[in-house]
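Trainee: File query_11.cif below, mmCIF, C-alpha atoms:
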```cif
data_structure
loop_
_atom_site.group_PDB
_atom_site.id
_atom_site.type_symbol
_atom_site.label_atom_id
_atom_site.label_comp_id
_atom_site.auth_asym_id
_atom_site.auth_seq_id
_atom_site.Cartn_x
_atom_site.Cartn_y
_atom_site.Cartn_z
ATOM 1 C CA MET A 982 72.709 44.894 113.027
ATOM 2 C CA PRO A 983 68.984 44.675 113.853
ATOM 3 C CA ARG A 984 68.012 44.796 117.492
ATOM 4 C CA PRO A 985 67.192 41.344 118.940
ATOM 5 C CA SER A 986 63.549 42.298 119.464
ATOM 6 C CA GLN A 987 63.054 43.031 115.763
ATOM 7 C CA PRO A 988 62.808 40.495 112.909
ATOM 8 C CA THR A 989 65.754 40.523 110.524
ATOM 9 C CA MET A 990 65.293 41.439 106.878
ATOM 10 C CA THR A 991 65.831 37.783 105.995
ATOM 11 C CA THR A 992 62.973 36.772 108.292
ATOM 12 C CA VAL A 993 60.661 39.417 106.858
ATOM 13 C CA SER A 994 61.607 38.465 103.293
ATOM 14 C CA MET A 995 60.914 34.790 103.932
ATOM 15 C CA MET A 996 57.529 35.663 105.427
ATOM 16 C CA CYS A 997 56.673 37.651 102.292
ATOM 17 C CA ILE A 998 57.862 34.889 99.978
ATOM 18 C CA ARG A 999 55.730 32.297 101.781
ATOM 19 C CA ALA A 1000 52.704 34.563 101.502
ATOM 20 C CA GLN A 1001 53.211 35.330 97.804
ATOM 21 C CA ASN A 1002 54.253 31.900 96.557
ATOM 22 C CA VAL A 1003 50.969 30.147 97.291
ATOM 23 C CA ALA A 1004 48.478 28.462 95.032
ATOM 24 C CA ARG A 1005 45.422 30.351 93.843
ATOM 25 C CA GLY A 1006 42.415 30.091 96.114
ATOM 26 C CA CYS A 1007 42.655 29.864 99.890
ATOM 27 C CA ARG A 1008 45.961 31.145 101.238
ATOM 28 C CA ARG A 1009 47.580 30.932 104.647
ATOM 29 C CA PHE A 1010 49.861 33.619 106.033
ATOM 30 C CA ASN A 1011 51.840 32.882 109.167
ATOM 31 C CA ASN A 1012 53.744 35.116 111.507
ATOM 32 C CA SER A 1013 55.150 34.369 114.939
ATOM 33 C CA SER A 1014 51.842 34.676 116.774
ATOM 34 C CA HIS A 1015 48.973 33.683 114.499
ATOM 35 C CA SER A 1016 47.863 32.250 111.170
ATOM 36 C CA ILE A 1017 45.586 34.100 108.745
ATOM 37 C CA GLN A 1018 43.656 32.178 106.110
ATOM 38 C CA GLY A 1019 41.686 33.439 103.157
ATOM 39 C CA THR A 1020 41.732 34.676 99.580
ATOM 40 C CA ILE A 1021 42.761 38.334 99.959
ATOM 41 C CA PRO A 1022 46.155 38.617 98.215
ATOM 42 C CA PHE A 1023 49.212 39.697 100.163
ATOM 43 C CA GLY A 1024 49.844 43.420 99.667
ATOM 44 C CA GLY A 1025 46.359 44.006 98.247
ATOM 45 C CA ASN A 1026 47.423 43.547 94.628
ATOM 46 C CA GLY A 1027 44.431 42.013 92.885
ATOM 47 C CA VAL A 1028 41.937 42.570 95.697
ATOM 48 C CA LYS A 1029 38.310 42.174 94.636
ATOM 49 C CA VAL A 1030 34.778 41.724 95.915
ATOM 50 C CA SER A 1031 33.983 38.513 97.857
ATOM 51 C CA GLN A 1032 37.591 37.850 98.860
ATOM 52 C CA TYR A 1033 38.005 37.225 102.573
ATOM 53 C CA ALA A 1034 40.507 36.630 105.341
ATOM 54 C CA LYS A 1035 40.034 35.154 108.800
ATOM 55 C CA LEU A 1036 41.990 34.691 111.985
ATOM 56 C CA GLU A 1037 41.351 32.462 115.012
ATOM 57 C CA ARG A 1038 42.399 33.732 118.419
ATOM 58 C CA THR A 1039 41.928 32.791 122.072
ATOM 59 C CA PHE A 1040 42.513 35.641 124.524
ATOM 60 C CA THR A 1041 44.116 34.777 127.850
ATOM 61 C CA GLU A 1042 43.661 36.398 131.235
ATOM 62 C CA LYS A 1043 47.136 37.883 130.826
ATOM 63 C CA ASP A 1044 46.117 39.450 127.494
ATOM 64 C CA VAL A 1045 43.146 41.116 129.171
ATOM 65 C CA GLU A 1046 45.192 42.320 132.151
ATOM 66 C CA THR A 1047 47.859 43.797 129.867
ATOM 67 C CA PHE A 1048 45.315 45.582 127.669
ATOM 68 C CA GLY A 1049 43.440 46.949 130.686
ATOM 69 C CA THR A 1050 46.665 48.293 132.189
ATOM 70 C CA LEU A 1051 47.712 49.834 128.883
ATOM 71 C CA ILE A 1052 44.477 51.793 128.411
ATOM 72 C CA GLY A 1053 43.765 52.400 132.100
ATOM 73 C CA ASP A 1054 40.525 50.391 132.213
ATOM 74 C CA THR A 1055 39.951 49.213 135.807
ATOM 75 C CA ASN A 1056 36.454 47.818 135.241
ATOM 76 C CA GLN A 1057 36.237 44.723 137.446
ATOM 77 C CA ILE A 1058 34.227 42.729 134.927
ATOM 78 C CA HIS A 1059 37.531 42.288 133.077
ATOM 79 C CA LEU A 1060 39.196 40.733 136.144
ATOM 80 C CA SER A 1061 38.965 37.394 137.918
ATOM 81 C CA ASN A 1062 37.117 38.038 141.167
ATOM 82 C CA SER A 1063 36.078 35.846 144.069
ATOM 83 C CA THR A 1064 32.736 35.550 145.835
ATOM 84 C CA THR A 1065 34.580 36.125 149.115
ATOM 85 C CA THR A 1066 35.329 39.745 148.181
ATOM 86 C CA ASN A 1067 31.649 40.612 147.673
ATOM 87 C CA TRP A 1068 32.863 42.655 144.730
ATOM 88 C CA THR A 1069 29.459 42.603 143.029
ATOM 89 C CA ASP A 1070 28.063 44.663 145.911
ATOM 90 C CA ASN A 1071 30.278 47.517 144.749
ATOM 91 C CA ILE A 1072 29.180 47.408 141.097
ATOM 92 C CA PRO A 1073 25.888 49.146 140.310
ATOM 93 C CA GLY A 1074 23.736 46.829 138.228
ATOM 94 C CA ALA A 1075 25.804 43.693 138.908
ATOM 95 C CA GLN A 1076 22.696 41.518 138.982
ATOM 96 C CA GLN A 1077 21.541 42.903 135.661
ATOM 97 C CA LEU A 1078 24.979 42.253 134.161
ATOM 98 C CA GLU A 1079 24.814 38.666 135.360
ATOM 99 C CA SER A 1080 21.283 38.193 134.053
ATOM 100 C CA VAL A 1081 22.339 39.076 130.493
ATOM 101 C CA GLY A 1082 25.443 36.890 130.566
ATOM 102 C CA LEU A 1083 28.123 39.544 131.105
ATOM 103 C CA ILE A 1084 29.221 38.017 134.408
ATOM 104 C CA ARG A 1085 30.048 34.323 134.391
ATOM 105 C CA TRP A 1086 30.950 32.295 137.488
ATOM 106 C CA ASN A 1087 33.423 29.432 137.511
ATOM 107 C CA ASP A 1088 32.899 26.329 139.633
ATOM 108 C CA ASP A 1089 35.547 27.529 142.091
ATOM 109 C CA GLY A 1090 33.576 30.661 142.913
ATOM 110 C CA THR A 1091 35.612 33.077 140.797
ATOM 111 C CA THR A 1092 34.405 35.083 137.846
ATOM 112 C CA GLN A 1093 35.627 34.478 134.325
ATOM 113 C CA PRO A 1094 37.145 37.724 132.989
ATOM 114 C CA LEU A 1095 35.268 39.378 130.143
ATOM 115 C CA VAL A 1096 37.516 40.333 127.223
ATOM 116 C CA HIS A 1097 37.373 44.028 126.321
ATOM 117 C CA GLY A 1098 35.231 44.478 123.229
ATOM 118 C CA MET A 1099 37.810 46.779 121.672
ATOM 119 C CA LEU A 1100 40.535 44.191 122.201
ATOM 120 C CA VAL A 1101 38.470 41.597 120.348
ATOM 121 C CA ALA A 1102 37.697 44.097 117.585
ATOM 122 C CA SER A 1103 41.418 44.789 117.157
ATOM 123 C CA LEU A 1104 41.619 41.433 115.346
ATOM 124 C CA PHE A 1105 40.323 43.207 112.224
ATOM 125 C CA SER A 1106 43.343 45.500 112.276
ATOM 126 C CA SER A 1107 45.592 42.503 112.904
ATOM 127 C CA ILE A 1108 44.288 40.784 109.781
ATOM 128 C CA LEU A 1109 44.640 43.811 107.518
ATOM 129 C CA GLY A 1110 47.959 45.005 108.913
ATOM 130 C CA THR A 1111 49.517 41.561 108.542
ATOM 131 C CA LEU A 1112 48.199 40.838 105.048
ATOM 132 C CA ILE A 1113 48.592 44.349 103.666
ATOM 133 C CA PRO A 1114 51.527 46.293 105.148
ATOM 134 C CA GLY A 1115 50.813 50.021 104.891
ATOM 135 C CA ALA A 1116 47.030 49.594 105.079
ATOM 136 C CA VAL A 1117 45.351 52.606 106.709
ATOM 137 C CA TYR A 1118 41.978 52.521 108.455
ATOM 138 C CA ARG A 1119 39.544 55.257 107.428
ATOM 139 C CA SER A 1120 36.604 54.086 109.526
ATOM 140 C CA GLN A 1121 35.228 51.065 111.368
ATOM 141 C CA SER A 1122 31.708 50.615 112.695
ATOM 142 C CA LEU A 1123 31.180 48.127 115.518
ATOM 143 C CA SER A 1124 28.189 46.453 117.132
ATOM 144 C CA PHE A 1125 28.891 44.345 120.229
ATOM 145 C CA ARG A 1126 26.305 41.585 120.123
ATOM 146 C CA ALA A 1127 27.591 38.893 122.497
ATOM 147 C CA PRO A 1128 30.350 38.701 125.132
ATOM 148 C CA VAL A 1129 33.722 37.028 124.728
ATOM 149 C CA PHE A 1130 35.366 35.573 127.834
ATOM 150 C CA VAL A 1131 38.976 34.552 128.324
ATOM 151 C CA ASN A 1132 40.032 31.144 126.986
ATOM 152 C CA GLU A 1133 37.187 31.067 124.446
ATOM 153 C CA PRO A 1134 38.284 30.577 120.819
ATOM 154 C CA VAL A 1135 36.860 33.161 118.425
ATOM 155 C CA VAL A 1136 37.244 33.701 114.688
ATOM 156 C CA ALA A 1137 37.514 37.186 113.188
ATOM 157 C CA GLN A 1138 36.715 37.504 109.492
ATOM 158 C CA ILE A 1139 36.627 40.301 106.950
ATOM 159 C CA GLU A 1140 35.001 40.035 103.520
ATOM 160 C CA VAL A 1141 35.466 42.571 100.743
ATOM 161 C CA LEU A 1142 32.172 44.223 99.727
ATOM 162 C CA LYS A 1143 33.458 47.048 97.507
ATOM 163 C CA VAL A 1144 36.720 48.146 95.905
ATOM 164 C CA ARG A 1145 37.168 51.776 94.867
ATOM 165 C CA GLU A 1146 40.220 53.057 93.009
ATOM 166 C CA LYS A 1147 41.652 56.334 94.324
ATOM 167 C CA SER A 1148 43.181 58.102 91.322
ATOM 168 C CA ARG A 1149 44.156 61.259 93.221
ATOM 169 C CA ILE A 1150 46.090 59.650 96.085
ATOM 170 C CA GLY A 1151 46.709 56.226 94.539
ATOM 171 C CA GLY A 1152 45.817 52.736 95.619
ATOM 172 C CA VAL A 1153 42.321 51.548 96.455
ATOM 173 C CA VAL A 1154 39.822 51.809 99.282
ATOM 174 C CA ILE A 1155 38.123 48.581 100.257
ATOM 175 C CA VAL A 1156 34.854 48.307 102.163
ATOM 176 C CA CYS A 1157 34.715 45.138 104.240
ATOM 177 C CA ASP A 1158 32.084 43.322 106.218
ATOM 178 C CA SER A 1159 33.738 42.500 109.538
ATOM 179 C CA LYS A 1160 32.613 40.065 112.199
ATOM 180 C CA VAL A 1161 33.831 37.994 115.117
ATOM 181 C CA MET A 1162 32.220 34.612 115.719
ATOM 182 C CA ARG A 1163 32.259 32.329 118.738
ATOM 183 C CA GLY A 1164 31.045 29.115 117.181
ATOM 184 C CA ASP A 1165 27.712 30.030 115.580
ATOM 185 C CA THR A 1166 27.283 33.148 117.734
ATOM 186 C CA GLU A 1167 27.979 36.606 116.343
ATOM 187 C CA CYS A 1168 29.949 38.525 118.946
ATOM 188 C CA ILE A 1169 30.908 41.624 116.938
ATOM 189 C CA THR A 1170 29.675 42.893 113.589
ATOM 190 C CA GLY A 1171 30.604 45.990 111.627
ATOM 191 C CA GLU A 1172 31.985 47.516 108.472
ATOM 192 C CA ALA A 1173 35.532 48.665 107.755
ATOM 193 C CA HIS A 1174 36.741 51.228 105.209
ATOM 194 C CA VAL A 1175 40.461 50.773 104.589
ATOM 195 C CA TRP A 1176 42.880 52.521 102.244
ATOM 196 C CA LEU A 1177 45.466 50.284 100.571
ATOM 197 C CA PRO A 1178 48.059 52.753 99.207
ATOM 198 C CA GLY A 1179 49.836 50.074 97.173
ATOM 199 C CA GLY A 1180 46.751 48.010 96.375
ATOM 200 C CA GLN A 1181 45.264 47.360 92.949
ATOM 201 C CA ALA A 1182 41.761 46.212 92.068
ATOM 202 C CA GLY A 1183 41.513 42.690 90.690
ATOM 203 C CA GLU A 1184 39.860 41.797 87.419
#
```
In structure tokens, what does this structure look like?

Mentor:
Amino acid sequence: MPRPSQPTMTTVSMMCIRAQNVARGCRRFNNSSHSIQGTIPFGGNGVKVSQYAKLERTFTEKDVETFGTLIGDTNQIHLSNSTTTNWTDNIPGAQQLESVGLIRWNDDGTTQPLVHGMLVASLFSSILGTLIPGAVYRSQSLSFRAPVFVNEPVVAQIEVLKVREKSRIGGVVIVCDSKVMRGDTECITGEAHVWLPGGQAGE
């Protein structure tokens, strides 16, 4: 019997069936925590240039606290701080950080936590790992262009730029443009190279 914390085979099978039995064109893939939309086929069978997938996410203060604890990042710009603690006096360059928009004050005198850039960028892995089980990252370039604060909706999107068949090891390697948008603002841009061991290039 599966452990309670794990999905049963029936649940996993139903998720796969919903993802595969969709009309051509834009697809939607749902799991328990988020919904991915786009045209990249489930499993990577038939993947081709210009296909895309996107995911909307809003990070909470709890998300940021948990991630910071997990990786041991105690940087106070990722925490909610009060003016009464004079915490900015203890951060070299606090005024410069505020001047470029990396420190944001709420009306109640607390700071709005800044989401870790790597946490936001992990949405690319979430998209690929959910749509294409077994996908393996080979590389990912990242440019952090604008901050993301807690409780701000963002949209992560990948678009296939190249598909290369790998005859020696099997499957395909896809090269994807990757970006995170907050409205019309680019927050993160980059390029991902991902191996799809069971993937096949589309016609």

Trainee: Any chance you could work out the residue set of the PyMOL selection byres ((chain A and resi 1180) around 7) here, as a ChimeraX atom specification?

Mentor: /A:1024-1026,1152-1153,1177-1179,1181-1182

Trainee: Using only C-alpha atoms, which protein or nucleic acid residues come within 10 Å of Ser1124 of chain A? Drop anything in the same chain fewer than 2 positions from it, and give the result as an MDAnalysis selection string.

Mentor: chainID A and resid 1098 1102 1122 1126:1127 1160 1167:1172

Trainee: List, as a short mmCIF file (atom, residue, chain, number, x, y, z; two decimals) with C-alpha atoms, in the coordinates of the input, every residue that the PyMOL selection byres ((chain A and resi 1086) around 12) selects in the file provided.

Mentor:
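Done, and the output landed in result-v7.cif:
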```cif
data_model
loop_
_atom_site.label_atom_id
_atom_site.label_comp_id
_atom_site.auth_asym_id
_atom_site.auth_seq_id
_atom_site.Cartn_x
_atom_site.Cartn_y
_atom_site.Cartn_z
CA ILE A 1058 34.23 42.73 134.93
CA LEU A 1060 39.20 40.73 136.14
CA SER A 1061 38.97 37.39 137.92
CA ASN A 1062 37.12 38.04 141.17
CA SER A 1063 36.08 35.85 144.07
CA THR A 1064 32.74 35.55 145.84
CA THR A 1069 29.46 42.60 143.03
CA GLU A 1079 24.81 38.67 135.36
CA SER A 1080 21.28 38.19 134.05
CA GLY A 1082 25.44 36.89 130.57
CA LEU A 1083 28.12 39.54 131.10
CA ILE A 1084 29.22 38.02 134.41
CA ARG A 1085 30.05 34.32 134.39
CA ASN A 1087 33.42 29.43 137.51
CA ASP A 1088 32.90 26.33 139.63
CA ASP A 1089 35.55 27.53 142.09
CA GLY A 1090 33.58 30.66 142.91
CA THR A 1091 35.61 33.08 140.80
CA THR A 1092 34.40 35.08 137.85
CA GLN A 1093 35.63 34.48 134.32
CA PRO A 1094 37.15 37.72 132.99
CA LEU A 1095 35.27 39.38 130.14
CA PHE A 1130 35.37 35.57 127.83
#
```

Trainee: May I have the residues within 8 Å of His1059 of chain A as an MDAnalysis selection string, using all atoms listed in the file and disregarding those fewer than 4 positions away in the same chain?

Mentor: chainID A and resid 1045:1046 1049 1055 1094:1097

Trainee: I'd like the residues picked by the PyMOL selection byres ((chain A and resi 1110-1113) around 8) written out as a list in words, using the chain letters and numbers from the file.

Mentor: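 Selection result, ordered by chain and number: Phe1010, Ile1021, Pro1022, Phe1023, Gly1024, Gly1025, Ser1106, Ser1107, Ile1108, Leu1109, Pro1114, Gly1115, Ala1116 and Leu1177 of chain A.
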
Trainee: How far is it from atom CA of Asp1165 of chain A to atom CA of Pro1128 of chain A, in Å with one decimal?

Mentor: 13.2 Å

Trainee: Name the residues, using the chain letters and numbers of the file, that sit within 8 Å of (44.2, 39.4, 119.0) when counting all atoms listed in the file, and give them as an mmCIF file with C-alpha atoms, keeping the file's coordinate frame.

Mentor:
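Full text of point.cif as output:
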```cif
data_model
loop_
_atom_site.group_PDB
_atom_site.id
_atom_site.type_symbol
_atom_site.label_atom_id
_atom_site.label_comp_id
_atom_site.auth_asym_id
_atom_site.auth_seq_id
_atom_site.Cartn_x
_atom_site.Cartn_y
_atom_site.Cartn_z
ATOM 1 C CA ARG A 1038 42.399 33.732 118.419
ATOM 2 C CA THR A 1039 41.928 32.791 122.072
ATOM 3 C CA PHE A 1040 42.513 35.641 124.524
ATOM 4 C CA LEU A 1100 40.535 44.191 122.201
ATOM 5 C CA VAL A 1101 38.470 41.597 120.348
ATOM 6 C CA SER A 1103 41.418 44.789 117.157
ATOM 7 C CA LEU A 1104 41.619 41.433 115.346
ATOM 8 C CA SER A 1107 45.592 42.503 112.904
#
```

Trainee: Could you please determine the separation between atom CA of Lys1029 of chain A and atom CA of Val1156 of chain A in Å, to one decimal place?

Mentor: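 Atom-to-atom, atom CA of Lys1029 of chain A and atom CA of Val1156 of chain A are spaced 10.3 Å apart.
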
Trainee: Go through A:Val1135, A:Gln1076, A:Ile1155, A:Val1129 one by one, measure the shortest atom-to-atom distance of each to Val1030 of chain A using all atoms listed in the file, and give the residue with the smallest value.

Mentor: A:Ile1155

Trainee: How many Å lie between atom CA of Gln1057 of chain A and atom CA of Ala1075 of chain A, rounded to one decimal?

Mentor: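 We find that atom CA of Gln1057 of chain A and atom CA of Ala1075 of chain A lie 10.6 Å from each other.
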
Trainee: Which is closest to Asp1044 of chain A among A:Ile1139, A:Ile1150, A:Asn1132, A:Thr1166, if we use only C-alpha atoms?

Mentor: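 The shortest atom-to-atom distance to Asp1044 of chain A comes from A:Asn1132.
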
Trainee: Using only C-alpha atoms, which residue out of A:Gly1183, A:Val1117, A:Ile1052, A:Val1136 lies closest to His1015 of chain A?

Mentor: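 Of A:Gly1183, A:Val1117, A:Ile1052, A:Val1136, the one nearest His1015 of chain A is A:Val1136, counting only C-alpha atoms.
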